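query09.pdb (PDB, C-alpha atoms, pLDDT in the B column)
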```pdb
ATOM      1  CA  MET A  19      46.674  -7.648-113.841  1.00 56.00           C
ATOM      2  CA  ARG A  20      42.937  -7.786-113.369  1.00 60.00           C
ATOM      3  CA  ILE A  21      43.329  -8.893-109.715  1.00 64.00           C
ATOM      4  CA  LEU A  22      45.664  -5.966-109.067  1.00 54.00           C
ATOM      5  CA  PHE A  23      43.091  -3.581-110.536  1.00 52.00           C
ATOM      6  CA  ILE A  24      40.266  -5.027-108.392  1.00 61.00           C
ATOM      7  CA  ALA A  25      42.447  -4.895-105.290  1.00 50.00           C
ATOM      8  CA  SER A  26      43.307  -1.261-106.026  1.00 54.00           C
ATOM      9  CA  VAL A  27      39.644  -0.351-106.455  1.00 48.00           C
ATOM     10  CA  LEU A  28      38.705  -2.085-103.189  1.00 50.00           C
ATOM     11  CA  LEU A  29      41.536  -0.370-101.365  1.00 52.00           C
ATOM     12  CA  PHE A  30      40.431   2.981-102.798  1.00 53.00           C
ATOM     13  CA  ILE A  31      36.823   2.395-101.688  1.00 54.00           C
ATOM     14  CA  ALA A  32      37.937   1.408 -98.196  1.00 54.00           C
ATOM     15  CA  ALA A  33      40.144   4.499 -97.982  1.00 56.00           C
ATOM     16  CA  CYS A  34      37.201   6.697 -98.963  1.00 65.00           C
ATOM     17  CA  GLU A  35      35.214   5.665 -95.919  1.00 77.00           C
ATOM     18  CA  SER A  36      34.454   8.671 -93.740  1.00 89.00           C
ATOM     19  CA  PRO A  37      35.620   8.727 -90.121  1.00 89.00           C
ATOM     20  CA  LYS A  38      31.974   8.458 -89.088  1.00 89.00           C
ATOM     21  CA  GLU A  39      31.462   5.342 -91.229  1.00 92.00           C
ATOM     22  CA  LYS A  40      34.662   3.831 -89.819  1.00 92.00           C
ATOM     23  CA  MET A  41      33.444   4.461 -86.286  1.00 90.00           C
ATOM     24  CA  LEU A  42      30.041   2.933 -87.032  1.00 90.00           C
ATOM     25  CA  LYS A  43      31.805  -0.091 -88.505  1.00 91.00           C
ATOM     26  CA  SER A  44      33.925  -0.428 -85.347  1.00 87.00           C
ATOM     27  CA  ILE A  45      30.792  -0.222 -83.195  1.00 89.00           C
ATOM     28  CA  LYS A  46      29.067  -2.853 -85.303  1.00 89.00           C
ATOM     29  CA  ASN A  47      32.119  -5.111 -85.011  1.00 86.00           C
ATOM     30  CA  THR A  48      32.086  -4.892 -81.214  1.00 83.00           C
ATOM     31  CA  GLU A  49      28.332  -5.507 -81.147  1.00 86.00           C
ATOM     32  CA  THR A  50      28.602  -8.613 -83.302  1.00 83.00           C
ATOM     33  CA  ASN A  51      31.440  -9.888 -81.164  1.00 73.00           C
ATOM     34  CA  ASP A  52      29.012 -10.863 -78.378  1.00 62.00           C
ATOM     35  CA  SER A  53      30.634 -14.241 -77.970  1.00 55.00           C
ATOM     36  CA  ILE A  54      33.384 -12.472 -76.047  1.00 61.00           C
ATOM     37  CA  PHE A  55      31.906 -11.091 -72.838  1.00 70.00           C
ATOM     38  CA  SER A  56      35.100  -9.739 -71.402  1.00 82.00           C
ATOM     39  CA  PRO A  57      35.053  -6.523 -69.407  1.00 86.00           C
ATOM     40  CA  GLN A  58      37.703  -5.169 -71.797  1.00 87.00           C
ATOM     41  CA  MET A  59      35.468  -5.757 -74.826  1.00 87.00           C
ATOM     42  CA  LEU A  60      32.462  -4.215 -73.089  1.00 89.00           C
ATOM     43  CA  ASN A  61      34.498  -1.198 -72.018  1.00 91.00           C
ATOM     44  CA  GLU A  62      35.746  -0.784 -75.578  1.00 91.00           C
ATOM     45  CA  ARG A  63      32.169  -0.874 -76.867  1.00 92.00           C
ATOM     46  CA  LYS A  64      31.136   1.693 -74.244  1.00 95.00           C
ATOM     47  CA  ARG A  65      34.060   3.911 -75.237  1.00 96.00           C
ATOM     48  CA  LEU A  66      33.070   3.747 -78.909  1.00 96.00           C
ATOM     49  CA  TYR A  67      29.423   4.568 -78.119  1.00 97.00           C
ATOM     50  CA  LEU A  68      30.408   7.622 -76.091  1.00 98.00           C
ATOM     51  CA  GLU A  69      33.052   8.742 -78.575  1.00 97.00           C
ATOM     52  CA  PHE A  70      30.507   8.588 -81.402  1.00 96.00           C
ATOM     53  CA  ALA A  71      27.962  10.606 -79.396  1.00 97.00           C
ATOM     54  CA  ASP A  72      30.632  13.159 -78.546  1.00 97.00           C
ATOM     55  CA  LYS A  73      31.905  13.528 -82.138  1.00 97.00           C
ATOM     56  CA  TYR A  74      28.486  13.389 -83.814  1.00 96.00           C
ATOM     57  CA  PRO A  75      25.984  14.917 -81.362  1.00 97.00           C
ATOM     58  CA  ASP A  76      23.500  15.728 -84.133  1.00 96.00           C
ATOM     59  CA  ASP A  77      23.298  12.148 -85.361  1.00 96.00           C
ATOM     60  CA  GLU A  78      20.060  10.376 -84.437  1.00 95.00           C
ATOM     61  CA  GLN A  79      22.040   7.385 -83.185  1.00 97.00           C
ATOM     62  CA  SER A  80      23.910   9.403 -80.544  1.00 97.00           C
ATOM     63  CA  PRO A  81      21.247   9.233 -77.795  1.00 98.00           C
ATOM     64  CA  VAL A  82      20.748   5.524 -78.509  1.00 98.00           C
ATOM     65  CA  PHE A  83      24.475   4.916 -78.193  1.00 97.00           C
ATOM     66  CA  MET A  84      24.571   6.897 -74.944  1.00 98.00           C
ATOM     67  CA  PHE A  85      21.752   4.763 -73.560  1.00 98.00           C
ATOM     68  CA  LYS A  86      23.577   1.600 -74.581  1.00 97.00           C
ATOM     69  CA  ALA A  87      26.751   2.909 -72.912  1.00 97.00           C
ATOM     70  CA  ALA A  88      24.808   3.504 -69.689  1.00 97.00           C
ATOM     71  CA  GLN A  89      23.392  -0.025 -69.846  1.00 96.00           C
ATOM     72  CA  LEU A  90      26.921  -1.377 -70.247  1.00 94.00           C
ATOM     73  CA  CYS A  91      28.119   0.686 -67.276  1.00 95.00           C
ATOM     74  CA  ASN A  92      25.287  -0.690 -65.175  1.00 93.00           C
ATOM     75  CA  GLY A  93      26.193  -4.228 -66.234  1.00 89.00           C
ATOM     76  CA  LEU A  94      29.840  -3.576 -65.389  1.00 89.00           C
ATOM     77  CA  ALA A  95      28.837  -2.263 -61.927  1.00 91.00           C
ATOM     78  CA  SER A  96      29.876   1.292 -62.855  1.00 95.00           C
ATOM     79  CA  HIS A  97      26.558   2.587 -61.573  1.00 97.00           C
ATOM     80  CA  HIS A  98      27.608   6.176 -60.879  1.00 97.00           C
ATOM     81  CA  GLU A  99      29.015   6.450 -64.386  1.00 97.00           C
ATOM     82  CA  ALA A 100      25.734   5.095 -65.753  1.00 98.00           C
ATOM     83  CA  ILE A 101      23.806   7.766 -63.819  1.00 98.00           C
ATOM     84  CA  THR A 102      26.084  10.482 -65.222  1.00 98.00           C
ATOM     85  CA  ILE A 103      25.665   9.257 -68.801  1.00 98.00           C
ATOM     86  CA  LEU A 104      21.886   9.063 -68.371  1.00 98.00           C
ATOM     87  CA  ASN A 105      21.829  12.634 -67.022  1.00 97.00           C
ATOM     88  CA  ASP A 106      23.880  13.814 -69.989  1.00 98.00           C
ATOM     89  CA  LEU A 107      21.566  11.975 -72.388  1.00 98.00           C
ATOM     90  CA  MET A 108      18.403  13.471 -70.880  1.00 97.00           C
ATOM     91  CA  ASN A 109      19.900  16.981 -70.867  1.00 97.00           C
ATOM     92  CA  ALA A 110      21.198  16.799 -74.438  1.00 97.00           C
ATOM     93  CA  TYR A 111      18.286  14.843 -75.957  1.00 97.00           C
ATOM     94  CA  PRO A 112      15.156  15.470 -73.842  1.00 96.00           C
ATOM     95  CA  LYS A 113      12.828  14.671 -76.745  1.00 95.00           C
ATOM     96  CA  SER A 114      14.725  11.563 -77.832  1.00 95.00           C
ATOM     97  CA  ALA A 115      12.896   8.267 -78.077  1.00 91.00           C
ATOM     98  CA  VAL A 116      15.248   6.852 -75.418  1.00 97.00           C
ATOM     99  CA  ALA A 117      14.892   9.718 -72.897  1.00 97.00           C
ATOM    100  CA  GLU A 118      11.918   7.958 -71.288  1.00 97.00           C
ATOM    101  CA  ASN A 119      13.879   4.719 -70.912  1.00 97.00           C
ATOM    102  CA  ALA A 120      16.881   6.658 -69.619  1.00 98.00           C
ATOM    103  CA  LEU A 121      14.892   8.233 -66.788  1.00 98.00           C
ATOM    104  CA  PHE A 122      13.346   4.912 -65.797  1.00 98.00           C
ATOM    105  CA  LEU A 123      16.741   3.168 -65.890  1.00 98.00           C
ATOM    106  CA  GLN A 124      18.175   5.902 -63.718  1.00 98.00           C
ATOM    107  CA  ALA A 125      15.458   5.350 -61.082  1.00 98.00           C
ATOM    108  CA  TYR A 126      16.017   1.600 -61.295  1.00 97.00           C
ATOM    109  CA  ILE A 127      19.761   1.998 -60.729  1.00 97.00           C
ATOM    110  CA  PHE A 128      19.187   4.281 -57.743  1.00 97.00           C
ATOM    111  CA  GLU A 129      16.794   1.731 -56.262  1.00 96.00           C
ATOM    112  CA  ASN A 130      18.450  -1.584 -57.028  1.00 94.00           C
ATOM    113  CA  ALA A 131      22.163  -0.967 -57.539  1.00 95.00           C
ATOM    114  CA  LEU A 132      22.877   2.031 -55.336  1.00 96.00           C
ATOM    115  CA  ASN A 133      20.217   1.362 -52.664  1.00 94.00           C
ATOM    116  CA  ASN A 134      19.391   5.068 -52.640  1.00 96.00           C
ATOM    117  CA  SER A 135      15.665   5.067 -51.890  1.00 96.00           C
ATOM    118  CA  GLU A 136      15.384   8.862 -51.737  1.00 97.00           C
ATOM    119  CA  ALA A 137      16.925   9.372 -55.175  1.00 98.00           C
ATOM    120  CA  ALA A 138      14.912   6.458 -56.556  1.00 97.00           C
ATOM    121  CA  GLU A 139      11.672   7.928 -55.204  1.00 98.00           C
ATOM    122  CA  ARG A 140      12.441  11.383 -56.652  1.00 98.00           C
ATOM    123  CA  THR A 141      13.332   9.862 -60.009  1.00 98.00           C
ATOM    124  CA  TYR A 142      10.307   7.554 -60.228  1.00 98.00           C
ATOM    125  CA  LYS A 143       8.048  10.514 -59.369  1.00 98.00           C
ATOM    126  CA  LYS A 144       9.761  12.640 -61.997  1.00 98.00           C
ATOM    127  CA  PHE A 145       9.261   9.791 -64.468  1.00 98.00           C
ATOM    128  CA  LEU A 146       5.526   9.639 -63.693  1.00 98.00           C
ATOM    129  CA  GLU A 147       5.203  13.424 -64.059  1.00 98.00           C
ATOM    130  CA  LYS A 148       6.959  13.437 -67.438  1.00 97.00           C
ATOM    131  CA  TYR A 149       5.564  10.185 -68.826  1.00 96.00           C
ATOM    132  CA  PRO A 150       2.212   9.458 -67.145  1.00 97.00           C
ATOM    133  CA  THR A 151       0.958   7.397 -70.090  1.00 96.00           C
ATOM    134  CA  SER A 152       4.145   5.414 -70.547  1.00 96.00           C
ATOM    135  CA  GLU A 153       4.043   1.641 -70.787  1.00 96.00           C
ATOM    136  CA  MET A 154       6.408   1.712 -67.811  1.00 97.00           C
ATOM    137  CA  ALA A 155       4.212   4.012 -65.664  1.00 97.00           C
ATOM    138  CA  GLU A 156       2.613   1.046 -63.883  1.00 96.00           C
ATOM    139  CA  ASP A 157       6.073  -0.356 -63.134  1.00 96.00           C
ATOM    140  CA  ALA A 158       7.161   3.006 -61.728  1.00 97.00           C
ATOM    141  CA  GLU A 159       4.045   3.177 -59.524  1.00 96.00           C
ATOM    142  CA  MET A 160       4.665  -0.353 -58.270  1.00 94.00           C
ATOM    143  CA  SER A 161       8.299   0.455 -57.583  1.00 95.00           C
ATOM    144  CA  LEU A 162       7.232   3.486 -55.551  1.00 96.00           C
ATOM    145  CA  ARG A 163       4.653   1.430 -53.643  1.00 93.00           C
ATOM    146  CA  TYR A 164       7.230  -1.170 -52.605  1.00 92.00           C
ATOM    147  CA  LEU A 165      10.303   1.049 -52.380  1.00 93.00           C
ATOM    148  CA  GLY A 166      12.383   0.219 -49.319  1.00 88.00           C
ATOM    149  CA  LYS A 167      10.266  -2.761 -48.328  1.00 84.00           C
ATOM    150  CA  SER A 168      11.673  -6.203 -47.702  1.00 81.00           C
ATOM    151  CA  PRO A 169      10.499  -9.157 -49.808  1.00 83.00           C
ATOM    152  CA  GLU A 170       8.489 -10.340 -46.789  1.00 85.00           C
ATOM    153  CA  GLN A 171       6.712  -6.980 -46.488  1.00 83.00           C
ATOM    154  CA  ILE A 172       5.951  -6.983 -50.197  1.00 84.00           C
ATOM    155  CA  TRP A 173       4.589 -10.519 -49.947  1.00 88.00           C
ATOM    156  CA  ASP A 174       2.398  -9.527 -46.999  1.00 82.00           C
ATOM    157  CA  ASP A 175       1.026  -6.547 -48.962  1.00 80.00           C
ATOM    158  CA  ILE A 176       0.307  -8.704 -52.013  1.00 82.00           C
ATOM    159  CA  SER A 177      -1.298 -11.538 -50.052  1.00 83.00           C
ATOM    160  CA  LYS A 178      -3.673  -9.131 -48.240  1.00 80.00           C
ATOM    161  CA  LYS A 179      -5.256  -8.142 -51.543  1.00 67.00           C
TER     162      LYS A 179
END
```
I'd like the structure from this file rewritten - as C-alpha cells, please.
Amino acid sequence: MRILFIASVLLFIAACESPKEKMLKSIKNTETNDSIFSPQMLNERKRLYLEFADKYPDDEQSPVFMFKAAQLCNGLASHHEAITILNDLMNAYPKSAVAENALFLQAYIFENALNNSEAAERTYKKFLEKYPTSEMAEDAEMSLRYLGKSPEQIWDDISKK
C-alpha cells in the first residue's frame, strides 16, 4: 500500500512538470549523452536547442542554446545554417553575453569553412568595431592580417619579424 502511494506521488510530481522543464530535461539528457556522437543525436540536440529558443525567447538560456546549435551545425558541416542561426541570435539578442562569440564564430566560419574571404574580412572588421576590447580582438586582427594567405606566406611574414 505504501509503495503504491509513493509511486502515485512520484507520478503526480512528474506529471506536474511544465513543458519548459520537460524540454530542459530533454536537452540535459542529450547533453549528457556525449558518448554517442552520432549525427542523429547531434541533430536532435540542435533541434531541441532551437525549439527551446523559439518557444521561450525571453529565457536567458535561449541565446546560449542558439549559439550551441550554431556550433553543432558548424561541426556537422552545415555552415550556412550556422551562419543563419548566428545572424538570428545577434539580431534577437544583441546585448547577450554570447553575441560577441557569435560574431567571431561567424567570421571564423566564413574564413575557414566557407572560404569566403570577403565576408570574413567584413565580419572580422565588424567584430573589431563592436568589441575592440574583447579578449578575441587580437585574434580577429591576426586573422585579418593573414586572411587569404597560404601557410608559406604566413610563415614568411612571421619569420621576417
Discussion item. I'd like to see the residues matched by the PyMOL selection byres ((chain A and resi 87) around 9) on this file, and ideally I'd get them as number ranges by chain.
Written reply: A: 61, 63-68, 82-86, 88-92, 100, 103
Fill in: Output check: residues returned by the PyMOL selection byres ((chain A and resi 116-121) around 7), as a ChimeraX atom specification
/A:81-82,85,104,108,111-115,122-125,145
Item to complete: Report the distance between atom CA of A:Glu78 and atom CA of A:Thr48 in Å, rounded to one decimal place.
Response: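 Interatomic distance, atom CA of A:Glu78 to atom CA of A:Thr48: 19.7 Å.
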Response to the item:
Expressed in Å, the length from atom CA of A:Asp157 to atom CA of A:Gln79 is 26.8 Å
Worksheet item: Between atom CA of A:Ile45 and atom CA of A:Glu69, what is the distance, to one decimal in Å?
Response: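 Atom-to-atom, atom CA of A:Ile45 to atom CA of A:Glu69, that is 10.3 Å.
For the file shown, the residue list from the PyMOL selection byres ((chain A and resi 162) around 10) reads Glu129, Ser135, Ala138, Glu139, Arg140, Thr141, Tyr142, Lys143, Glu156, Asp157, Ala158, Glu159, Met160, Ser161, Arg163, Tyr164, Leu165 and Gly166 of chain A.
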Worksheet item: Pick the closest to A:Met41 from A:Ile101, A:Ala110, A:Ser56, A:Phe70: which is it, counting only C-alpha atoms?
Response: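 Checking each candidate against A:Met41, we get A:Phe70 as the closest.
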